[in-house]
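First up is the structure itself, then whatever we jot down about it.
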Protein chains: 2
Amino acid sequence: MEIRIGDLAKRSGCEVVTIRYYEKEGLLPKPARSGGNFRLYGEAHIERLQFIRHCRSLDMTLSEIRALLGLRDNPMQDCGEVNTLLEAHIQQVEMRVSALLQLKRHLVDLREKCSGSRSVEACGILQGLGNCNYHGESATNSQTSG
Amino acid sequence: MEIRIGDLAKRSGCEVVTIRYYEKEGLLPKPARSGGNFRLYGEAHIERLQFIRHCRSLDMTLSEIRALLGLRDNPMQDCGEVNTLLEAHIQQVEMRVSALLQLKRHLVDLREKCSGSRSVEACGILQGLGNCNYHGESATNSQTSG
DNA sequence: AAAATCTCTATAGTCACTATAGAGTCAAGT
DNA sequence: ACTTGACTCTATAGTGACTATAGAGATTTT
Ligand SMILES: [Zn+2]
Ligand SMILES: [Zn+2]
Ligand SMILES: [Zn+2]
Ligand SMILES: [Zn+2]
């Protein structure tokens with residue numbers, strides 16, 4: 001049972017170019033080729049790609065996924081590392097959520113400052129964006145990548 | 001009162017290169033130059049950059065900020081657009097938060113599946129990442145950029 | 001005068017893709 | 001046999017908001 005890249009894309013819900021990208025990044029092994037140089041995939045590829053896409057839907061980076069795949073490829077190891085990685089990822093998600101919630105409180109607070117349709121000059125939102133009392137001193141950023 | 005780019009960076013809590021980047025992107029106007037071709041900034045630049053950094057700390061994109069600056073530069077307009085933009089941004093943040101919370105439930109659920117130190121092969125986490133019962137059919141992605 | 005610090009421009013890299021160009025392959029219809 | 005269309009191939013550039021680097025020039029400190 002050999003399928004081409006387009007079918008694999010349909011089965012895994014990801015784009016053809018993305019599959020080629022994963023191959024280039026070493027997440028998917030290089031598949032066999034047809035006479036006309038088309039990639040030919042089998043069951044193992046399908047399953048591996050679904051694993052990758054599932055991890056991606058959980059916001060894992062390709063580097064995290066690479067680590068998980070590496071563990072999966074050596075089934076005799078202790079699974080402690082899997083737990084460690086998952087735990088670290090959960091914490092990252094938690095941190096991002098609390099950062100976003102804090103930021104949202106700030107935004108909602110700003111929204112209150114405009115009491116209706118006035119001139120931009122007098123708008124409390126723009127003023128609030130200019131000089132803010134939320135942060136201790138000046139507006140330094142506390143940005144984390146999403 | 002004219003300061004150089006390094007001082008502006010300190011005052012605004014952002015990197016020198018970032019200031020030059022904002023200039024290239026048209027968010028900051030081109031400043032005057034010294035005899036030795038150094039950028040010289042005044043009060044208006046400082047305030048504008050603080051505005052930008054504040055917006056960035058609220059996760060606004062440069063394109064959103066550009067729009068706000070455009071409004072700010074025409075103070076006679078009605079401020080309705082400011083409200084619209086802020087509202088849309090709040091909704092984006094809310095969507096991102098709920099997506100992350102759902103994803104976190106999924107991750108926590110996965111964490112339960114490993115009952116301790118075993119072989120990778122038998123680990124419930126890796127198995128759970130392979131075939132999942134969370135999603136209706138197969139693991140399609142529901143990604144939003146963060 | 002020399003050394004250290006700051007600034008300049010230009011270019012490439014990050015991440016996980018997305019988009020495009022131009023050529024080759026294959027199955028179906030005429 | 002020929003054309004059409006759908007699919008695939010490689011290679012390259014673009015996205016967003018920066019970060020990192022190289023090599024040169026300006027200014028300040030010692
Ligand atoms: Zn207003
Ligand atoms: Zn603030
Ligand atoms: Zn386990
Ligand atoms: Zn799942």
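We label chains A, B, ... in the order they appear in the structure tokens, count residues from 1 in each chain, and number ligands from 1 in the order shown.
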>> Using only C-alpha atoms (C1' of nucleotides) and all ligand atoms, which residues have at least one atom no more than 12 Å from ligand 2? Output them as a PyMOL selection string.
In response: (chain A and resi 102-110+125-142) or (chain B and resi 50-59)
>> Can you work out which residues from chain A touch chain C at a cut-off of 9 Å (counting only C-alpha atoms (C1' of nucleotides)) and hand them back as a PyMOL selection string?
In response: chain A and resi 17-18+21+36-38+61-62
Could you write out that same residue set with all heavy atoms as a short mmCIF file (atom, residue, chain, number, x, y, z; two decimals), in the first residue's frame?
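Result file again23.cif:
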```cif
data_model
loop_
_atom_site.label_atom_id
_atom_site.label_comp_id
_atom_site.auth_asym_id
_atom_site.auth_seq_id
_atom_site.Cartn_x
_atom_site.Cartn_y
_atom_site.Cartn_z
N VAL A 17 3.20 20.92 1.07
CA VAL A 17 4.49 21.59 1.31
C VAL A 17 4.98 21.35 2.73
O VAL A 17 6.19 21.28 2.97
CB VAL A 17 4.41 23.11 1.05
CG1 VAL A 17 4.46 23.41 -0.41
CG2 VAL A 17 3.18 23.70 1.71
N THR A 18 4.05 21.24 3.65
CA THR A 18 4.42 21.02 5.05
C THR A 18 5.06 19.64 5.22
O THR A 18 6.04 19.48 5.96
CB THR A 18 3.19 21.15 5.94
OG1 THR A 18 2.60 22.43 5.73
CG2 THR A 18 3.55 21.00 7.40
N TYR A 21 8.45 19.87 4.02
CA TYR A 21 9.21 20.63 5.03
C TYR A 21 9.62 19.73 6.20
O TYR A 21 10.77 19.77 6.65
CB TYR A 21 8.36 21.80 5.51
CG TYR A 21 8.94 22.56 6.67
CD1 TYR A 21 10.09 23.33 6.53
CD2 TYR A 21 8.34 22.50 7.92
CE1 TYR A 21 10.61 24.03 7.60
CE2 TYR A 21 8.85 23.20 8.99
CZ TYR A 21 9.98 23.96 8.83
OH TYR A 21 10.50 24.64 9.89
N GLY A 36 8.72 8.04 -11.76
CA GLY A 36 8.71 9.46 -12.12
C GLY A 36 9.15 10.39 -11.00
O GLY A 36 8.85 11.56 -11.02
N ASN A 37 9.83 9.84 -10.00
CA ASN A 37 10.40 10.61 -8.90
C ASN A 37 9.38 11.15 -7.90
O ASN A 37 9.64 12.11 -7.20
CB ASN A 37 11.27 11.76 -9.44
CG ASN A 37 12.26 12.25 -8.39
OD1 ASN A 37 12.73 11.47 -7.57
ND2 ASN A 37 12.55 13.52 -8.41
N PHE A 38 8.21 10.54 -7.85
CA PHE A 38 7.20 10.95 -6.87
C PHE A 38 7.46 10.23 -5.55
O PHE A 38 7.85 9.06 -5.54
CB PHE A 38 5.80 10.61 -7.36
CG PHE A 38 5.29 11.50 -8.46
CD1 PHE A 38 6.12 12.41 -9.10
CD2 PHE A 38 3.98 11.42 -8.88
CE1 PHE A 38 5.66 13.23 -10.11
CE2 PHE A 38 3.51 12.22 -9.91
CZ PHE A 38 4.35 13.13 -10.52
N THR A 61 6.70 22.63 19.84
CA THR A 61 7.58 23.07 18.77
C THR A 61 8.11 21.84 18.03
O THR A 61 8.07 20.72 18.55
CB THR A 61 8.78 23.84 19.32
OG1 THR A 61 9.53 22.96 20.16
CG2 THR A 61 8.33 25.03 20.14
N LEU A 62 8.65 22.07 16.85
CA LEU A 62 9.24 20.96 16.10
C LEU A 62 10.40 20.35 16.88
O LEU A 62 10.64 19.14 16.79
CB LEU A 62 9.70 21.44 14.73
CG LEU A 62 8.60 21.88 13.77
CD1 LEU A 62 9.14 21.94 12.35
CD2 LEU A 62 7.39 20.97 13.84
#
```
>> ligand 1: which residues are within 10 Å, counting only C-alpha atoms (C1' of nucleotides) and all ligand atoms? Reply as a PyMOL selection string.
In response: (chain A and resi 111-127) or (chain B and resi 78-84)
Residues of the last selection are to be written out with N, CA, C and O atoms, as an mmCIF file, in the first residue's frame.
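Result went into part-v5.cif, see below:
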```cif
data_model
loop_
_atom_site.group_PDB
_atom_site.id
_atom_site.type_symbol
_atom_site.label_atom_id
_atom_site.label_comp_id
_atom_site.auth_asym_id
_atom_site.auth_seq_id
_atom_site.Cartn_x
_atom_site.Cartn_y
_atom_site.Cartn_z
ATOM 1 N N ARG A 111 -10.532 49.760 27.758
ATOM 2 C CA ARG A 111 -11.771 49.926 27.005
ATOM 3 C C ARG A 111 -12.753 50.843 27.749
ATOM 4 O O ARG A 111 -13.473 51.633 27.158
ATOM 5 N N GLU A 112 -12.759 50.711 29.053
ATOM 6 C CA GLU A 112 -13.634 51.539 29.898
ATOM 7 C C GLU A 112 -13.360 53.034 29.729
ATOM 8 O O GLU A 112 -14.223 53.854 29.981
ATOM 9 N N LYS A 113 -12.131 53.341 29.349
ATOM 10 C CA LYS A 113 -11.717 54.739 29.409
ATOM 11 C C LYS A 113 -12.326 55.622 28.343
ATOM 12 O O LYS A 113 -12.200 56.839 28.391
ATOM 13 N N CYS A 114 -12.923 55.026 27.347
ATOM 14 C CA CYS A 114 -13.614 55.819 26.340
ATOM 15 C C CYS A 114 -15.102 55.809 26.653
ATOM 16 O O CYS A 114 -15.756 54.780 26.616
ATOM 17 N N SER A 115 -15.635 57.000 26.912
ATOM 18 C CA SER A 115 -17.042 57.053 27.320
ATOM 19 C C SER A 115 -17.958 57.308 26.125
ATOM 20 O O SER A 115 -19.059 57.775 26.280
ATOM 21 N N GLY A 116 -17.521 57.037 24.947
ATOM 22 C CA GLY A 116 -18.385 57.211 23.787
ATOM 23 C C GLY A 116 -17.677 57.903 22.639
ATOM 24 O O GLY A 116 -16.457 58.008 22.633
ATOM 25 N N SER A 117 -18.436 58.360 21.689
ATOM 26 C CA SER A 117 -17.847 58.921 20.486
ATOM 27 C C SER A 117 -17.395 60.362 20.712
ATOM 28 O O SER A 117 -18.202 61.263 20.899
ATOM 29 N N ARG A 118 -16.080 60.519 20.737
ATOM 30 C CA ARG A 118 -15.508 61.851 20.870
ATOM 31 C C ARG A 118 -14.378 62.003 19.872
ATOM 32 O O ARG A 118 -14.165 61.158 19.038
ATOM 33 N N SER A 119 -13.624 63.034 19.997
ATOM 34 C CA SER A 119 -12.475 63.189 19.114
ATOM 35 C C SER A 119 -11.347 62.282 19.590
ATOM 36 O O SER A 119 -11.224 61.957 20.774
ATOM 37 N N VAL A 120 -10.558 61.862 18.665
ATOM 38 C CA VAL A 120 -9.403 61.030 18.966
ATOM 39 C C VAL A 120 -8.526 61.691 20.027
ATOM 40 O O VAL A 120 -8.010 61.052 20.936
ATOM 41 N N GLU A 121 -8.402 62.995 19.898
ATOM 42 C CA GLU A 121 -7.551 63.736 20.814
ATOM 43 C C GLU A 121 -7.952 63.526 22.272
ATOM 44 O O GLU A 121 -7.112 63.389 23.156
ATOM 45 N N ALA A 122 -9.274 63.495 22.497
ATOM 46 C CA ALA A 122 -9.762 63.407 23.870
ATOM 47 C C ALA A 122 -9.998 61.977 24.326
ATOM 48 O O ALA A 122 -10.382 61.737 25.467
ATOM 49 N N CYS A 123 -9.753 61.018 23.448
ATOM 50 C CA CYS A 123 -10.112 59.633 23.767
ATOM 51 C C CYS A 123 -9.241 59.071 24.881
ATOM 52 O O CYS A 123 -8.018 59.076 24.807
ATOM 53 N N GLY A 124 -9.890 58.582 25.891
ATOM 54 C CA GLY A 124 -9.173 58.037 27.053
ATOM 55 C C GLY A 124 -8.364 56.798 26.732
ATOM 56 O O GLY A 124 -7.373 56.487 27.402
ATOM 57 N N ILE A 125 -8.748 56.084 25.694
ATOM 58 C CA ILE A 125 -8.010 54.871 25.328
ATOM 59 C C ILE A 125 -6.616 55.247 24.833
ATOM 60 O O ILE A 125 -5.606 54.731 25.320
ATOM 61 N N LEU A 126 -6.578 56.159 23.889
ATOM 62 C CA LEU A 126 -5.279 56.556 23.347
ATOM 63 C C LEU A 126 -4.418 57.208 24.426
ATOM 64 O O LEU A 126 -3.202 56.983 24.483
ATOM 65 N N GLN A 127 -5.057 57.986 25.277
ATOM 66 C CA GLN A 127 -4.297 58.578 26.379
ATOM 67 C C GLN A 127 -3.758 57.500 27.306
ATOM 68 O O GLN A 127 -2.605 57.541 27.726
ATOM 69 N N ASP B 78 -13.172 61.219 14.755
ATOM 70 C CA ASP B 78 -13.971 60.514 15.745
ATOM 71 C C ASP B 78 -13.167 59.323 16.255
ATOM 72 O O ASP B 78 -12.418 58.698 15.497
ATOM 73 N N CYS B 79 -13.319 58.992 17.536
ATOM 74 C CA CYS B 79 -12.490 57.928 18.086
ATOM 75 C C CYS B 79 -13.136 56.542 17.979
ATOM 76 O O CYS B 79 -12.680 55.588 18.594
ATOM 77 N N GLY B 80 -14.205 56.445 17.208
ATOM 78 C CA GLY B 80 -14.868 55.154 17.069
ATOM 79 C C GLY B 80 -13.940 54.050 16.602
ATOM 80 O O GLY B 80 -13.997 52.910 17.083
ATOM 81 N N GLU B 81 -13.042 54.389 15.696
ATOM 82 C CA GLU B 81 -12.130 53.369 15.162
ATOM 83 C C GLU B 81 -11.195 52.809 16.227
ATOM 84 O O GLU B 81 -10.800 51.648 16.181
ATOM 85 N N VAL B 82 -10.830 53.680 17.169
ATOM 86 C CA VAL B 82 -9.980 53.236 18.267
ATOM 87 C C VAL B 82 -10.691 52.116 19.042
ATOM 88 O O VAL B 82 -10.125 51.055 19.308
ATOM 89 N N ASN B 83 -11.969 52.393 19.352
ATOM 90 C CA ASN B 83 -12.742 51.395 20.086
ATOM 91 C C ASN B 83 -12.864 50.094 19.306
ATOM 92 O O ASN B 83 -12.707 49.003 19.857
ATOM 93 N N THR B 84 -13.150 50.227 18.026
ATOM 94 C CA THR B 84 -13.301 49.045 17.180
ATOM 95 C C THR B 84 -12.034 48.201 17.193
ATOM 96 O O THR B 84 -12.076 46.981 17.373
#
```
Counting only C-alpha atoms (C1' of nucleotides), which residues of chain A fall within 12 Å of chain D, and what is the closest atom pair for each with its distance in Å at one decimal, ordered by chain and rising number, as CSV?
```
residue,atom,partner,partner_atom,distance
A:Arg4,CA,D:DT8,C1',9.1
A:Ile5,CA,D:DT8,C1',8.4
A:Gly6,CA,D:DC7,C1',7.9
A:Asp7,CA,D:DC7,C1',10.7
A:Val16,CA,D:DT8,C1',9.9
A:Val17,CA,D:DT8,C1',11.0
A:Arg20,CA,D:DC9,C1',11.0
A:Arg33,CA,D:DC9,C1',11.4
A:Ser34,CA,D:DT8,C1',11.1
A:Gly36,CA,D:DT8,C1',9.1
A:Asn37,CA,D:DC9,C1',7.5
A:Phe38,CA,D:DT8,C1',6.4
A:Arg39,CA,D:DT8,C1',8.7
A:Leu40,CA,D:DT8,C1',11.4
A:Gln143,CA,D:DA17,C1',11.6
A:Ser145,CA,D:DA17,C1',10.5
```
Taking C-alpha atoms for each residue, export the selection above as a compact mmCIF listing (two decimals), in the first residue's frame.
```txt
# COMPACT_ATOMS: atom_id res chain seq x y z
CA ARG A 4 1.46 9.79 -2.88
CA ILE A 5 2.05 13.02 -1.06
CA GLY A 6 -1.33 14.52 -1.90
CA ASP A 7 -3.18 11.60 -0.32
CA VAL A 16 1.77 18.99 0.86
CA VAL A 17 4.49 21.59 1.31
CA ARG A 20 8.11 18.13 2.40
CA ARG A 33 10.33 7.20 -4.99
CA SER A 34 8.31 6.13 -7.99
CA GLY A 36 8.71 9.46 -12.12
CA ASN A 37 10.40 10.61 -8.90
CA PHE A 38 7.20 10.95 -6.87
CA ARG A 39 7.36 10.29 -3.13
CA LEU A 40 5.68 7.05 -2.05
CA GLN A 143 6.66 39.28 26.15
CA SER A 145 6.48 33.94 22.24
```
> CA of Leu101 in chain B and CA of Met60 in chain B are how many Å apart?
Replying inline: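 Calculated distance between CA of Leu101 in chain B and CA of Met60 in chain B is 20.8 Å.
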> So, counting only C-alpha atoms, which residue among A:Ala32, A:Ile90, A:Met1, A:Ala99 is closest to chain B?
Replying inline: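 Under the stated criterion, the closest residue is A:Ile90.
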>> Quick check, in Å to one decimal: how far apart do CA of Glu47 in chain B and CA of Leu8 in chain B lie?
In response: 10.1 Å
Taking the chain letters and numbering used in this document, name the residues of chain B that DSSP puts in strand (DSSP E or B), as a PDB file with N, CA and C atoms, in the first residue's frame.
```pdb
ATOM      1  N   ILE B   3      18.702  63.356  22.363  1.00  0.00           N
ATOM      2  CA  ILE B   3      19.400  62.183  22.874  1.00  0.00           C
ATOM      3  C   ILE B   3      19.719  61.233  21.720  1.00  0.00           C
ATOM      4  N   ALA B  32      16.439  63.648  13.178  1.00  0.00           N
ATOM      5  CA  ALA B  32      17.564  64.463  12.719  1.00  0.00           C
ATOM      6  C   ALA B  32      18.857  63.680  12.908  1.00  0.00           C
ATOM      7  N   ARG B  33      19.926  64.159  12.247  1.00  0.00           N
ATOM      8  CA  ARG B  33      21.226  63.496  12.371  1.00  0.00           C
ATOM      9  C   ARG B  33      22.268  64.475  12.874  1.00  0.00           C
ATOM     10  N   ARG B  39      21.742  59.330  14.905  1.00  0.00           N
ATOM     11  CA  ARG B  39      20.342  59.750  15.056  1.00  0.00           C
ATOM     12  C   ARG B  39      20.167  60.575  16.334  1.00  0.00           C
ATOM     13  N   LEU B  40      19.404  61.666  16.227  1.00  0.00           N
ATOM     14  CA  LEU B  40      19.133  62.515  17.391  1.00  0.00           C
ATOM     15  C   LEU B  40      17.627  62.600  17.627  1.00  0.00           C
ATOM     16  N   TYR B  41      17.237  62.185  18.832  1.00  0.00           N
ATOM     17  CA  TYR B  41      15.805  62.123  19.141  1.00  0.00           C
ATOM     18  C   TYR B  41      15.398  63.188  20.143  1.00  0.00           C
ATOM     19  N   ASP B  78     -13.172  61.219  14.755  1.00  0.00           N
ATOM     20  CA  ASP B  78     -13.971  60.514  15.745  1.00  0.00           C
ATOM     21  C   ASP B  78     -13.167  59.323  16.255  1.00  0.00           C
ATOM     22  N   SER B 119       8.932   1.497  30.212  1.00  0.00           N
ATOM     23  CA  SER B 119       9.613   1.665  28.927  1.00  0.00           C
ATOM     24  C   SER B 119       8.821   2.635  28.055  1.00  0.00           C
TER      25      SER B 119
END
```
>> Calculated over only C-alpha atoms, which of the candidates A:Ile65, A:Ala9, A:Leu85, A:Val97 has the smallest distance to chain B?
In response: A:Val97
